[in-house]
$ cat query-v2.txt   # compact mmCIF, C-alpha atoms
# COMPACT_ATOMS: atom_id res chain seq x y z
CA MET A 1 22.32 28.49 18.21
CA SER A 2 19.45 26.12 19.02
CA LYS A 3 20.01 23.71 21.89
CA PHE A 4 19.10 20.86 19.51
CA ASP A 5 21.76 21.70 16.89
CA THR A 6 24.03 18.83 17.93
CA ILE A 7 21.35 16.19 17.20
CA ARG A 8 18.77 17.63 14.78
CA PRO A 9 18.46 17.00 11.03
CA PHE A 10 18.97 19.87 8.59
CA TYR A 11 16.47 22.69 8.39
CA ASP A 12 15.02 23.14 4.91
CA ALA A 13 17.08 26.33 4.52
CA GLU A 14 20.25 24.21 4.87
CA ILE A 15 19.24 21.43 2.48
CA ASN A 16 20.52 22.83 -0.82
CA ASP A 17 23.98 23.65 0.55
CA ALA A 18 24.19 20.21 2.17
CA ILE A 19 23.27 18.47 -1.10
CA ARG A 20 25.83 20.51 -3.04
CA SER A 21 28.51 19.54 -0.49
CA VAL A 22 28.05 15.82 -1.27
CA ILE A 23 26.77 15.83 -4.85
CA HIS A 24 30.15 14.71 -6.27
CA HIS A 25 30.80 12.12 -3.54
CA PRO A 26 31.32 8.59 -4.95
CA MET A 27 28.69 7.22 -2.54
CA MET A 28 26.11 9.71 -3.83
CA LYS A 29 26.95 8.59 -7.36
CA ALA A 30 26.54 4.94 -6.31
CA LEU A 31 23.17 5.69 -4.63
CA MET A 32 21.83 7.63 -7.60
CA ASN A 33 23.11 5.14 -10.22
CA PHE A 34 21.41 2.37 -8.25
CA THR A 35 18.16 4.35 -7.93
CA PHE A 36 18.04 5.75 -11.48
CA PRO A 37 20.06 3.29 -13.63
CA GLU A 38 18.69 4.75 -16.91
CA MET A 39 19.55 8.34 -16.00
CA GLU A 40 22.73 10.21 -16.97
CA ASP A 41 24.71 11.57 -14.00
CA ALA A 42 24.24 15.14 -15.22
CA GLU A 43 20.46 14.73 -15.04
CA TRP A 44 20.18 13.56 -11.42
CA LYS A 45 22.78 16.13 -10.38
CA GLU A 46 20.66 18.85 -11.98
CA GLN A 47 17.56 17.57 -10.14
CA LEU A 48 19.43 17.43 -6.81
CA LYS A 49 20.63 21.02 -7.27
CA LYS A 50 16.96 22.10 -7.51
CA THR A 51 16.10 20.42 -4.17
CA HIS A 52 15.37 22.80 -1.28
CA SER A 53 13.48 20.75 1.33
CA ILE A 54 13.73 17.44 3.15
CA ARG A 55 10.34 16.44 1.79
CA ASP A 56 11.49 17.01 -1.81
CA PHE A 57 14.66 15.01 -1.17
CA GLN A 58 12.73 12.15 0.44
CA CYS A 59 9.88 12.03 -2.10
CA ASN A 60 11.94 12.51 -5.28
CA PHE A 61 15.05 10.53 -4.37
CA ILE A 62 14.93 8.38 -1.22
CA TYR A 63 11.41 7.05 -1.90
CA ASN A 64 12.65 5.84 -5.30
CA SER A 65 15.74 4.31 -3.68
CA VAL A 66 13.51 2.33 -1.30
CA GLN A 67 11.34 1.10 -4.19
CA LYS A 68 14.48 -0.05 -6.02
CA VAL A 69 15.71 -1.88 -2.88
CA LEU A 70 12.34 -3.65 -2.65
CA GLU A 71 12.48 -4.57 -6.35
CA LYS A 72 16.05 -5.93 -6.14
CA SER A 73 16.09 -7.62 -2.73
CA SER A 74 12.53 -8.62 -1.80
CA ASP A 75 9.39 -10.34 -3.02
CA GLY A 76 7.35 -7.30 -2.04
CA LEU A 77 6.06 -5.32 0.93
CA THR A 78 2.58 -5.66 2.43
CA THR A 79 1.03 -3.51 5.14
CA SER A 80 -1.87 -3.38 7.58
CA GLY A 81 -3.30 -0.84 10.01
CA PHE A 82 -2.31 2.37 8.19
CA GLU A 83 -5.90 3.15 7.24
CA LYS A 84 -6.68 3.79 10.95
CA LEU A 85 -4.25 6.73 11.14
CA ASP A 86 -5.22 10.37 10.51
CA SER A 87 -3.40 12.28 7.77
CA ASN A 88 -3.04 15.49 9.83
CA THR A 89 -1.90 13.89 13.08
CA SER A 90 1.64 13.21 14.27
CA TYR A 91 2.39 9.92 16.04
CA LEU A 92 5.22 8.38 18.01
CA PHE A 93 5.93 5.09 16.25
CA ILE A 94 7.72 2.61 18.52
CA SER A 95 8.80 -0.44 16.54
CA ASN A 96 10.73 -3.64 16.82
CA HIS A 97 14.16 -3.28 15.22
CA ARG A 98 15.46 -5.65 12.57
CA ASP A 99 17.43 -3.48 10.18
CA ILE A 100 19.52 -0.33 10.76
CA ILE A 101 18.21 1.74 7.84
CA LEU A 102 15.33 -0.15 6.28
CA ASP A 103 12.95 -0.38 9.26
CA THR A 104 12.38 3.36 9.26
CA SER A 105 12.84 3.88 5.48
CA LEU A 106 10.15 1.32 4.69
CA LEU A 107 7.80 2.76 7.30
CA ASN A 108 8.23 6.22 5.77
CA ALA A 109 7.57 4.90 2.26
CA CYS A 110 4.31 3.37 3.59
CA LEU A 111 3.35 6.60 5.38
CA PHE A 112 3.96 8.52 2.14
CA ASP A 113 1.86 6.02 0.15
CA HIS A 114 -1.00 6.45 2.62
CA GLY A 115 -0.80 10.27 2.62
CA LEU A 116 0.34 10.38 6.26
CA ILE A 117 2.95 12.51 8.05
CA MET A 118 6.42 11.01 7.61
CA THR A 119 8.74 10.62 10.58
CA ALA A 120 11.84 12.16 11.99
CA SER A 121 13.80 9.05 12.97
CA ALA A 122 16.31 8.26 15.69
CA ILE A 123 19.71 6.90 14.58
CA GLY A 124 22.76 6.03 16.69
CA ASP A 125 25.64 8.42 16.03
CA ASN A 126 27.94 5.36 15.88
CA LEU A 127 26.32 4.52 12.52
CA VAL A 128 27.10 7.84 10.89
CA LYS A 129 30.77 8.35 11.72
CA LYS A 130 31.56 8.83 8.02
CA ALA A 131 30.91 12.45 6.99
CA PHE A 132 28.86 11.44 3.93
CA LEU A 133 26.57 9.16 5.97
CA LEU A 134 26.04 11.90 8.57
CA THR A 135 25.02 14.37 5.84
CA LEU A 136 22.75 11.80 4.16
CA SER A 137 21.06 10.95 7.47
CA LYS A 138 20.42 14.64 8.23
CA LEU A 139 19.03 15.12 4.71
CA ASN A 140 16.67 12.21 5.43
CA ARG A 141 15.30 13.69 8.68
CA ASN A 142 17.29 11.53 11.08
CA PHE A 143 18.20 12.88 14.51
CA LEU A 144 21.15 11.55 16.48
CA VAL A 145 21.14 9.35 19.55
CA GLN A 146 24.55 9.80 21.17
CA ARG A 147 26.27 6.57 22.14
CA GLY A 148 29.25 5.66 24.33
CA LEU A 149 28.70 8.36 26.97
CA SER A 150 29.48 8.43 30.68
CA PRO A 151 26.44 8.02 32.97
CA ARG A 152 26.31 11.76 33.63
CA GLU A 153 26.60 12.66 29.93
CA MET A 154 24.01 9.99 29.13
CA LEU A 155 21.50 11.63 31.47
CA GLN A 156 22.00 15.04 29.82
CA SER A 157 21.85 13.50 26.34
CA SER A 158 18.64 11.59 27.16
CA LYS A 159 17.00 14.77 28.44
CA LEU A 160 17.97 16.66 25.26
CA LEU A 161 16.70 13.82 23.09
CA SER A 162 13.36 13.56 24.91
CA GLU A 163 12.83 17.33 24.75
CA TYR A 164 13.59 17.29 21.03
CA MET A 165 11.06 14.51 20.39
CA ALA A 166 8.43 16.38 22.43
CA GLN A 167 9.16 19.48 20.34
CA LEU A 168 8.66 17.52 17.10
CA LEU A 169 5.50 15.74 18.20
CA LEU A 170 3.68 18.47 20.12
CA ARG A 171 4.84 21.71 18.51
CA GLU A 172 5.90 20.85 14.96
CA ASN A 173 3.25 18.16 14.28
CA ARG A 174 6.01 15.85 13.06
CA SER A 175 5.76 12.10 13.58
CA VAL A 176 8.74 10.36 15.20
CA TRP A 177 10.15 6.83 14.84
CA ILE A 178 12.18 5.18 17.57
CA ALA A 179 13.17 1.56 18.11
CA GLN A 180 11.82 -0.22 21.20
CA ARG A 181 15.41 -0.85 22.36
CA GLU A 182 18.96 0.17 21.52
CA GLY A 183 20.40 -1.91 18.70
CA ARG A 184 18.76 -4.45 16.43
CA THR A 185 17.21 -7.59 17.86
CA LYS A 186 19.79 -10.36 17.37
CA ASP A 187 17.84 -13.36 18.68
CA GLY A 188 14.31 -12.74 17.34
CA ASN A 189 13.02 -11.76 20.80
CA ASP A 190 11.42 -8.33 20.41
CA ALA A 191 11.19 -6.61 23.78
CA THR A 192 10.73 -2.97 24.75
CA ASN A 193 13.44 -1.59 26.99
CA PRO A 194 11.69 0.42 29.76
CA GLY A 195 14.75 2.72 29.63
CA VAL A 196 13.53 4.00 26.23
CA LEU A 197 10.18 4.93 27.81
CA LYS A 198 11.91 6.57 30.79
CA MET A 199 13.94 8.65 28.36
CA LEU A 200 10.73 9.68 26.53
CA ALA A 201 9.14 10.64 29.86
CA MET A 202 11.92 13.18 30.50
CA GLY A 203 10.42 15.41 27.79
CA SER A 204 7.13 15.67 29.66
CA GLU A 205 6.06 18.98 31.16
CA GLU A 206 2.99 17.17 32.53
CA LYS A 207 2.81 16.06 36.13
CA ASN A 208 0.75 13.12 34.93
CA LEU A 209 2.99 10.78 32.92
CA MET A 210 0.17 8.81 31.31
CA GLU A 211 -1.42 12.07 30.14
CA TYR A 212 1.87 12.96 28.40
CA PHE A 213 2.01 9.54 26.72
CA ARG A 214 -1.59 10.04 25.58
CA ASN A 215 -0.68 13.42 24.09
CA ILE A 216 2.24 12.10 22.03
CA LYS A 217 0.05 9.30 20.59
CA ILE A 218 2.11 6.12 20.86
CA VAL A 219 1.63 3.65 18.00
CA PRO A 220 3.39 0.26 18.25
CA VAL A 221 4.76 -1.05 14.92
CA SER A 222 5.76 -4.61 14.00
CA ILE A 223 8.16 -5.12 11.09
CA SER A 224 8.72 -8.62 9.81
CA TYR A 225 11.13 -9.94 7.15
CA GLU A 226 10.76 -13.47 5.76
CA TYR A 227 14.56 -13.70 5.57
CA ASP A 228 16.76 -11.52 7.74
CA PRO A 229 19.51 -10.38 5.34
CA THR A 230 21.93 -9.96 8.26
CA ASP A 231 21.11 -13.25 10.04
CA ALA A 232 24.60 -14.74 9.67
CA LEU A 233 26.24 -11.41 10.63
CA LYS A 234 24.47 -11.54 14.00
CA MET A 235 26.03 -14.89 14.91
CA PRO A 236 29.47 -13.78 16.24
CA GLN A 237 27.82 -11.57 18.87
CA LEU A 238 25.37 -14.31 19.90
CA MET A 239 28.23 -16.80 20.17
CA ALA A 240 30.31 -14.41 22.28
CA GLU A 241 27.35 -13.89 24.62
CA ALA A 242 26.78 -17.67 24.84
CA ASN A 243 30.42 -18.02 25.97
CA ASN A 244 30.10 -15.11 28.45
CA GLU A 245 32.60 -13.10 26.41
CA THR A 246 32.50 -9.38 25.67
CA TYR A 247 31.76 -8.84 22.00
CA ILE A 248 33.93 -6.24 20.27
CA LYS A 249 32.82 -5.04 16.84
CA GLU A 250 35.17 -5.03 13.87
CA LYS A 251 36.23 -1.60 12.59
CA ASN A 252 33.72 -1.30 9.70
CA GLU A 253 31.17 -3.80 11.02
CA ASP A 254 28.26 -1.35 11.39
CA PHE A 255 28.77 -0.07 7.86
CA MET A 256 28.98 -3.58 6.35
CA THR A 257 25.85 -4.62 8.27
CA LEU A 258 24.08 -1.52 7.02
CA LEU A 259 24.90 -2.39 3.39
CA SER A 260 24.00 -6.08 3.84
CA GLY A 261 20.66 -5.11 5.36
CA ILE A 262 19.82 -2.91 2.40
CA MET A 263 20.97 -5.20 -0.42
CA GLY A 264 20.60 -8.70 1.11
CA GLN A 265 17.66 -10.93 0.15
CA LYS A 266 14.60 -10.44 2.37
CA LYS A 267 11.87 -12.19 0.37
CA ARG A 268 8.51 -10.94 1.75
CA ILE A 269 8.19 -8.04 4.21
CA HIS A 270 5.19 -6.97 6.27
CA ILE A 271 4.65 -3.83 8.34
CA HIS A 272 1.72 -3.55 10.75
CA VAL A 273 0.91 -0.34 12.60
CA GLY A 274 -1.13 -0.83 15.73
CA GLU A 275 -3.81 1.34 17.30
CA VAL A 276 -2.91 4.50 19.20
CA LEU A 277 -2.48 3.46 22.84
CA ASN A 278 -5.30 5.21 24.70
CA LYS A 279 -7.52 2.91 26.69
CA GLU A 280 -4.39 0.91 27.65
CA LEU A 281 -2.91 4.07 29.20
CA ASP A 282 -6.17 4.74 31.04
CA LEU A 283 -6.04 1.23 32.48
CA ILE A 284 -2.36 1.55 33.51
CA GLU A 285 -3.20 4.84 35.22
CA THR A 286 -5.97 3.27 37.30
CA GLN A 287 -3.88 0.20 38.21
CA PHE A 288 -0.56 1.85 39.19
CA ASP A 289 0.23 5.14 40.88
CA ASN A 290 4.00 4.64 40.76
CA SER A 291 5.67 5.96 37.56
CA ASN A 292 8.20 3.09 37.43
CA LYS A 293 5.41 0.51 37.54
CA GLN A 294 3.46 2.49 34.95
CA ILE A 295 6.47 2.43 32.60
CA GLN A 296 6.98 -1.32 33.12
CA ALA A 297 3.30 -1.89 32.35
CA LEU A 298 3.50 0.29 29.22
CA ALA A 299 6.54 -1.66 27.98
CA GLN A 300 4.46 -4.83 28.34
CA VAL A 301 1.53 -3.31 26.44
CA ILE A 302 3.85 -2.30 23.56
CA ASP A 303 5.38 -5.79 23.52
CA GLU A 304 1.97 -7.39 23.43
CA SER A 305 0.92 -5.23 20.49
CA ILE A 306 4.13 -5.88 18.51
CA LEU A 307 4.32 -9.62 19.20
CA SER A 308 0.65 -10.36 18.64
CA THR A 309 0.55 -8.54 15.28
CA TYR A 310 3.95 -9.75 14.05
CA LYS A 311 3.58 -11.46 10.67
CA LEU A 312 4.94 -15.02 10.80
CA TRP A 313 6.46 -16.50 7.62
CA PRO A 314 7.17 -20.11 6.57
CA THR A 315 10.80 -19.52 7.64
CA ASN A 316 9.66 -18.95 11.25
CA TYR A 317 7.60 -22.17 11.35
CA ILE A 318 10.35 -24.20 9.64
CA ALA A 319 12.97 -23.03 12.15
CA TYR A 320 10.60 -23.80 15.04
CA ASP A 321 10.06 -27.36 13.78
CA ILE A 322 13.76 -28.02 13.09
CA LEU A 323 14.73 -26.65 16.50
CA ASN A 324 12.09 -28.69 18.31
CA LYS A 325 12.48 -31.77 16.07
CA SER A 326 8.74 -31.56 15.46
CA GLN A 327 6.15 -31.44 12.69
CA THR A 328 3.93 -29.04 14.66
CA TYR A 329 3.72 -26.44 11.91
CA SER A 330 4.40 -28.58 8.84
CA HIS A 331 1.04 -27.43 7.42
CA MET A 332 2.39 -23.84 7.35
CA TYR A 333 5.15 -24.45 4.79
CA THR A 334 5.97 -26.55 1.73
CA GLU A 335 8.81 -29.05 1.31
CA ASN A 336 10.34 -26.65 -1.21
CA GLU A 337 10.29 -23.77 1.31
CA LYS A 338 11.89 -26.04 3.89
CA SER A 339 14.69 -27.18 1.57
CA LEU A 340 15.40 -23.55 0.58
CA PHE A 341 15.68 -22.58 4.26
CA GLU A 342 17.94 -25.58 5.01
CA ARG A 343 20.12 -24.60 2.05
CA ARG A 344 20.45 -21.06 3.46
CA LEU A 345 21.35 -22.52 6.85
CA GLU A 346 24.01 -24.74 5.25
CA MET A 347 25.53 -21.85 3.29
CA ARG A 348 25.60 -19.30 6.11
CA ILE A 349 26.33 -21.31 9.26
CA ASP A 350 28.87 -23.92 10.32
CA GLU A 351 26.39 -26.66 11.23
CA GLN A 352 29.07 -28.45 13.25
CA ASN A 353 28.98 -25.53 15.67
CA PRO A 354 25.99 -26.19 17.96
CA VAL A 355 25.91 -22.63 19.38
CA ALA A 356 25.80 -21.05 15.90
CA LEU A 357 23.20 -23.55 14.69
CA GLN A 358 21.01 -23.04 17.76
CA GLY A 359 21.37 -19.24 17.54
CA PHE A 360 20.47 -19.11 13.85
CA LEU A 361 17.39 -21.32 14.24
CA ALA A 362 16.24 -19.55 17.43
CA MET A 363 16.43 -16.17 15.67
CA TYR A 364 13.74 -17.36 13.25
CA ALA A 365 11.82 -19.57 15.71
CA ASN A 366 11.47 -17.14 18.64
CA PRO A 367 8.75 -14.99 16.98
CA VAL A 368 6.57 -18.15 16.89
CA VAL A 369 7.28 -18.86 20.56
CA ASN A 370 6.55 -15.24 21.49
CA LYS A 371 3.35 -15.09 19.51
CA LEU A 372 2.15 -18.24 21.30
CA LYS A 373 2.44 -16.36 24.58
CA TYR A 374 -0.17 -13.88 23.40
CA GLN A 375 -2.42 -16.12 21.36
CA ASN A 376 -3.54 -19.63 22.15
CA ALA A 377 -3.26 -20.59 18.51
CA VAL A 378 -0.91 -19.16 15.90

$ encode --input "query-v2.txt" --output "structure tokens"
Amino acid sequence: MSKFDTIRPFYDAEINDAIRSVIHHPMMKALMNFTFPEMEDAEWKEQLKKTHSIRDFQCNFIYNSVQKVLEKSSDGLTTSGFEKLDSNTSYLFISNHRDIILDTSLLNACLFDHGLIMTASAIGDNLVKKAFLLTLSKLNRNFLVQRGLSPREMLQSSKLLSEYMAQLLLRENRSVWIAQREGRTKDGNDATNPGVLKMLAMGSEEKNLMEYFRNIKIVPVSISYEYDPTDALKMPQLMAEANNETYIKEKNEDFMTLLSGIMGQKKRIHIHVGEVLNKELDLIETQFDNSNKQIQALAQVIDESILSTYKLWPTNYIAYDILNKSQTYSHMYTENEKSLFERRLEMRIDEQNPVALQGFLAMYANPVVNKLKYQNAV
């Protein structure tokens, strides 16, 4: 038994059996009927039974599911930066985190379109409690991040996770996706948790930490949705935090959020992949000799890359102006775009509740504020 068996996706040798175990599941039927509405059930079942690798499953089924999601719930996906990546090289993509499933699914669709190595992707085990979802995630090259552990278990789990990612990146030439922090950003402030970088560092066999980070080729990624399909769903947690209360999730909340993120309206989407961090690591190495300070500095470098390349939409400028009672960015949107945003606000938020109103607007406005920190003009 491999030491990674508790967290790894399926091996290709296990794929066909795994598919056959869920082929008659109602959720597989729903996924396939959504993806291939013209196809008889017998036909997609026959195709699935002939699938013997993760790549085949991703390219022939999941890729098509992602295209259908884009067609049904967006006004299209644009990209930048992918042309700078090498088709035979694996990268560690560290991205901001807006949506549970789509962030990584969309990135992989873009990598596939550009002929690049697709990722193995981190997913919290709290999101795949249902047996079908666990199987589907392992078919789609997800590996598990274990949640809700004691401090001692967390240390062991982090070490296992970091070693597994090092194995993928350095020995299997497999790219990896991980979010810059645990959980999706609820308030529009994208910030890298240094704890994620400390966890990554545990997989290093190098004495020199910056050398290890150079070897795994860190690429910051910014993902931006014109409308966040789960914006209203994020409000209860923000309101609890505003009242200094502990937020407790509803029983099926993660699953409902997952579905809303996939099927909710997003309008336009943009994904930018940054440059591999090289000279930045050289600079950090010359400036700091303490690993903690190096990690703090690296978190800042990743933030700067993500925030400065984040694509701002009319919705961001509108929210900024409403929140600040200004016309600062009125040239960046039309009256029609503003009235559509105000209508969404009206439908999704109790405008008599100042905390909810402030939270909703700030979620869209904060990317403008953050971009201003890194650029004098937006």

$ residues_around --input "query-v2.txt" --residues "Asn189 in chain A" --least-positions-apart "6" --cutoff "10 Å" --atoms "all atoms listed in the file" --output "list in words"
Asn96, Leu307, Ala362, Met363, Tyr364, Ala365, Asn366, Pro367, Val368, Val369 and Asn370 of chain A

$ write_last_selection --input "query-v2.txt" --atoms "C-alpha atoms" --output "compact mmCIF listing (two decimals), in the frame of the given file"
# COMPACT_ATOMS: atom_id res chain seq x y z
CA ASN A 96 10.73 -3.64 16.82
CA LEU A 307 4.32 -9.62 19.20
CA ALA A 362 16.24 -19.55 17.43
CA MET A 363 16.43 -16.17 15.67
CA TYR A 364 13.74 -17.36 13.25
CA ALA A 365 11.82 -19.57 15.71
CA ASN A 366 11.47 -17.14 18.64
CA PRO A 367 8.75 -14.99 16.98
CA VAL A 368 6.57 -18.15 16.89
CA VAL A 369 7.28 -18.86 20.56
CA ASN A 370 6.55 -15.24 21.49

$ residues_around --input "query-v2.txt" --residues "range 292-294 of chain A" --least-positions-apart "5" --cutoff "9 Å" --atoms "all atoms listed in the file" --output "ChimeraX atom specification"
/A:194,198,209-210,281,284-285,287,299

$ write_last_selection --input "query-v2.txt" --atoms "C-alpha atoms" --output "compact mmCIF listing (two decimals), in the frame of the given file"
# COMPACT_ATOMS: atom_id res chain seq x y z
CA PRO A 194 11.69 0.42 29.76
CA LYS A 198 11.91 6.57 30.79
CA LEU A 209 2.99 10.78 32.92
CA MET A 210 0.17 8.81 31.31
CA LEU A 281 -2.91 4.07 29.20
CA ILE A 284 -2.36 1.55 33.51
CA GLU A 285 -3.20 4.84 35.22
CA GLN A 287 -3.88 0.20 38.21
CA ALA A 299 6.54 -1.66 27.98

$ atom_distance --input "query-v2.txt" --atom1 "CA of Ala122 in chain A" --atom2 "CA of Val145 in chain A"
6.3 Å

$ atom_distance --input "query-v2.txt" --atom1 "CA of Tyr374 in chain A" --atom2 "CA of Ser305 in chain A"
9.2 Å

$ closest_atom_pairs --input "query-v2.txt" --of "range 238-335 of chain A" --to "range 55-69 of chain A" --cutoff "10 Å" --atoms "all atoms listed in the file" --output "Markdown table"
| residue | atom | partner | partner_atom | distance |
| --- | --- | --- | --- | --- |
| A:Ile262 | CA | A:Val69 | CA | 6.8 |
| A:Met263 | CA | A:Val69 | CA | 6.7 |
| A:Gly264 | CA | A:Val69 | CA | 9.3 |
| A:Gln265 | CA | A:Val69 | CA | 9.7 |

$ write_last_selection --input "query-v2.txt" --atoms "C-alpha atoms" --output "JSON list (two decimals), in the coordinates of the input"
[["chain", "number", "residue", "atom", "x", "y", "z"],
["A", 262, "ILE", "CA", 19.82, -2.91, 2.40],
["A", 263, "MET", "CA", 20.97, -5.20, -0.42],
["A", 264, "GLY", "CA", 20.60, -8.70, 1.11],
["A", 265, "GLN", "CA", 17.66, -10.93, 0.15]]

$ residues_around --input "query-v2.txt" --residues "Lys45 in chain A" --least-positions-apart "2" --cutoff "10 Å" --atoms "only C-alpha atoms" --output "list in words"
Ile19, Arg20, Ile23, His24, Met28, Lys29, Met32, Glu40, Asp41, Ala42, Glu43, Gln47, Leu48, Lys49 and Lys50 of chain A

$ closest_residue --input "query-v2.txt" --among "A:Glu38, A:Thr119, A:His25, A:Thr6" --to "Ile54 in chain A" --atoms "only C-alpha atoms"
A:Thr119

$ closest_residue --input "query-v2.txt" --among "A:Ser291, A:Asn126, A:Asn88, A:Ser105" --to "Arg147 in chain A" --atoms "only C-alpha atoms"
A:Asn126

$ closest_residue --input "query-v2.txt" --among "A:Arg268, A:Lys72, A:Lys217, A:Arg98" --to "Arg174 in chain A" --atoms "all atoms listed in the file"
A:Lys217

$ residues_around --input "query-v2.txt" --residues "Glu205 in chain A" --least-positions-apart "4" --cutoff "12 Å" --atoms "all atoms listed in the file" --output "list of chain:residue names"
A:Ser162, A:Glu163, A:Ala166, A:Gln167, A:Leu170, A:Leu200, A:Ala201, A:Leu209, A:Met210, A:Glu211, A:Tyr212, A:Phe213, A:Asn215

$ closest_residue --input "query-v2.txt" --among "A:Ser175, A:Gln296, A:Gln146, A:Thr78" --to "Ser158 in chain A" --atoms "all atoms listed in the file"
A:Gln146

$ build_atoms --input "query-v2.txt" --residues "range 76-82 of chain A" --atoms "all heavy atoms" --output "CSV table (one decimal), in the coordinates of the input"
chain,number,residue,atom,x,y,z
A,76,GLY,N,8.4,-8.2,-2.2
A,76,GLY,CA,7.4,-7.3,-2.0
A,76,GLY,C,7.1,-7.0,-0.6
A,76,GLY,O,7.4,-7.7,0.3
A,77,LEU,N,6.4,-5.8,-0.4
A,77,LEU,CA,6.1,-5.3,0.9
A,77,LEU,C,4.6,-5.2,1.1
A,77,LEU,O,3.9,-4.7,0.2
A,77,LEU,CB,6.7,-3.9,1.1
A,77,LEU,CG,6.2,-3.0,2.2
A,77,LEU,CD1,6.7,-3.7,3.6
A,77,LEU,CD2,6.8,-1.6,2.1
A,78,THR,N,4.0,-5.8,2.1
A,78,THR,CA,2.6,-5.7,2.4
A,78,THR,C,2.4,-4.9,3.7
A,78,THR,O,3.4,-4.8,4.6
A,78,THR,CB,1.9,-7.0,2.5
A,78,THR,OG1,2.6,-7.8,3.5
A,78,THR,CG2,1.9,-7.7,1.2
A,79,THR,N,1.2,-4.3,3.9
A,79,THR,CA,1.0,-3.5,5.1
A,79,THR,C,-0.4,-3.8,5.7
A,79,THR,O,-1.2,-4.3,5.0
A,79,THR,CB,1.1,-2.0,4.8
A,79,THR,OG1,0.1,-1.6,3.9
A,79,THR,CG2,2.5,-1.6,4.2
A,80,SER,N,-0.5,-3.4,7.0
A,80,SER,CA,-1.9,-3.4,7.6
A,80,SER,C,-1.9,-2.3,8.7
A,80,SER,O,-0.9,-2.0,9.3
A,80,SER,CB,-2.2,-4.8,8.2
A,80,SER,OG,-1.1,-5.3,9.0
A,81,GLY,N,-3.1,-1.8,8.9
A,81,GLY,CA,-3.3,-0.8,10.0
A,81,GLY,C,-3.2,0.6,9.7
A,81,GLY,O,-3.6,1.5,10.4
A,82,PHE,N,-2.6,1.0,8.5
A,82,PHE,CA,-2.3,2.4,8.2
A,82,PHE,C,-3.6,3.2,8.0
A,82,PHE,O,-3.6,4.4,8.2
A,82,PHE,CB,-1.4,2.5,6.9
A,82,PHE,CG,0.0,2.2,7.2
A,82,PHE,CD1,0.5,0.9,7.1
A,82,PHE,CD2,0.9,3.2,7.5
A,82,PHE,CE1,1.8,0.5,7.4
A,82,PHE,CE2,2.3,2.9,7.8
A,82,PHE,CZ,2.7,1.6,7.7
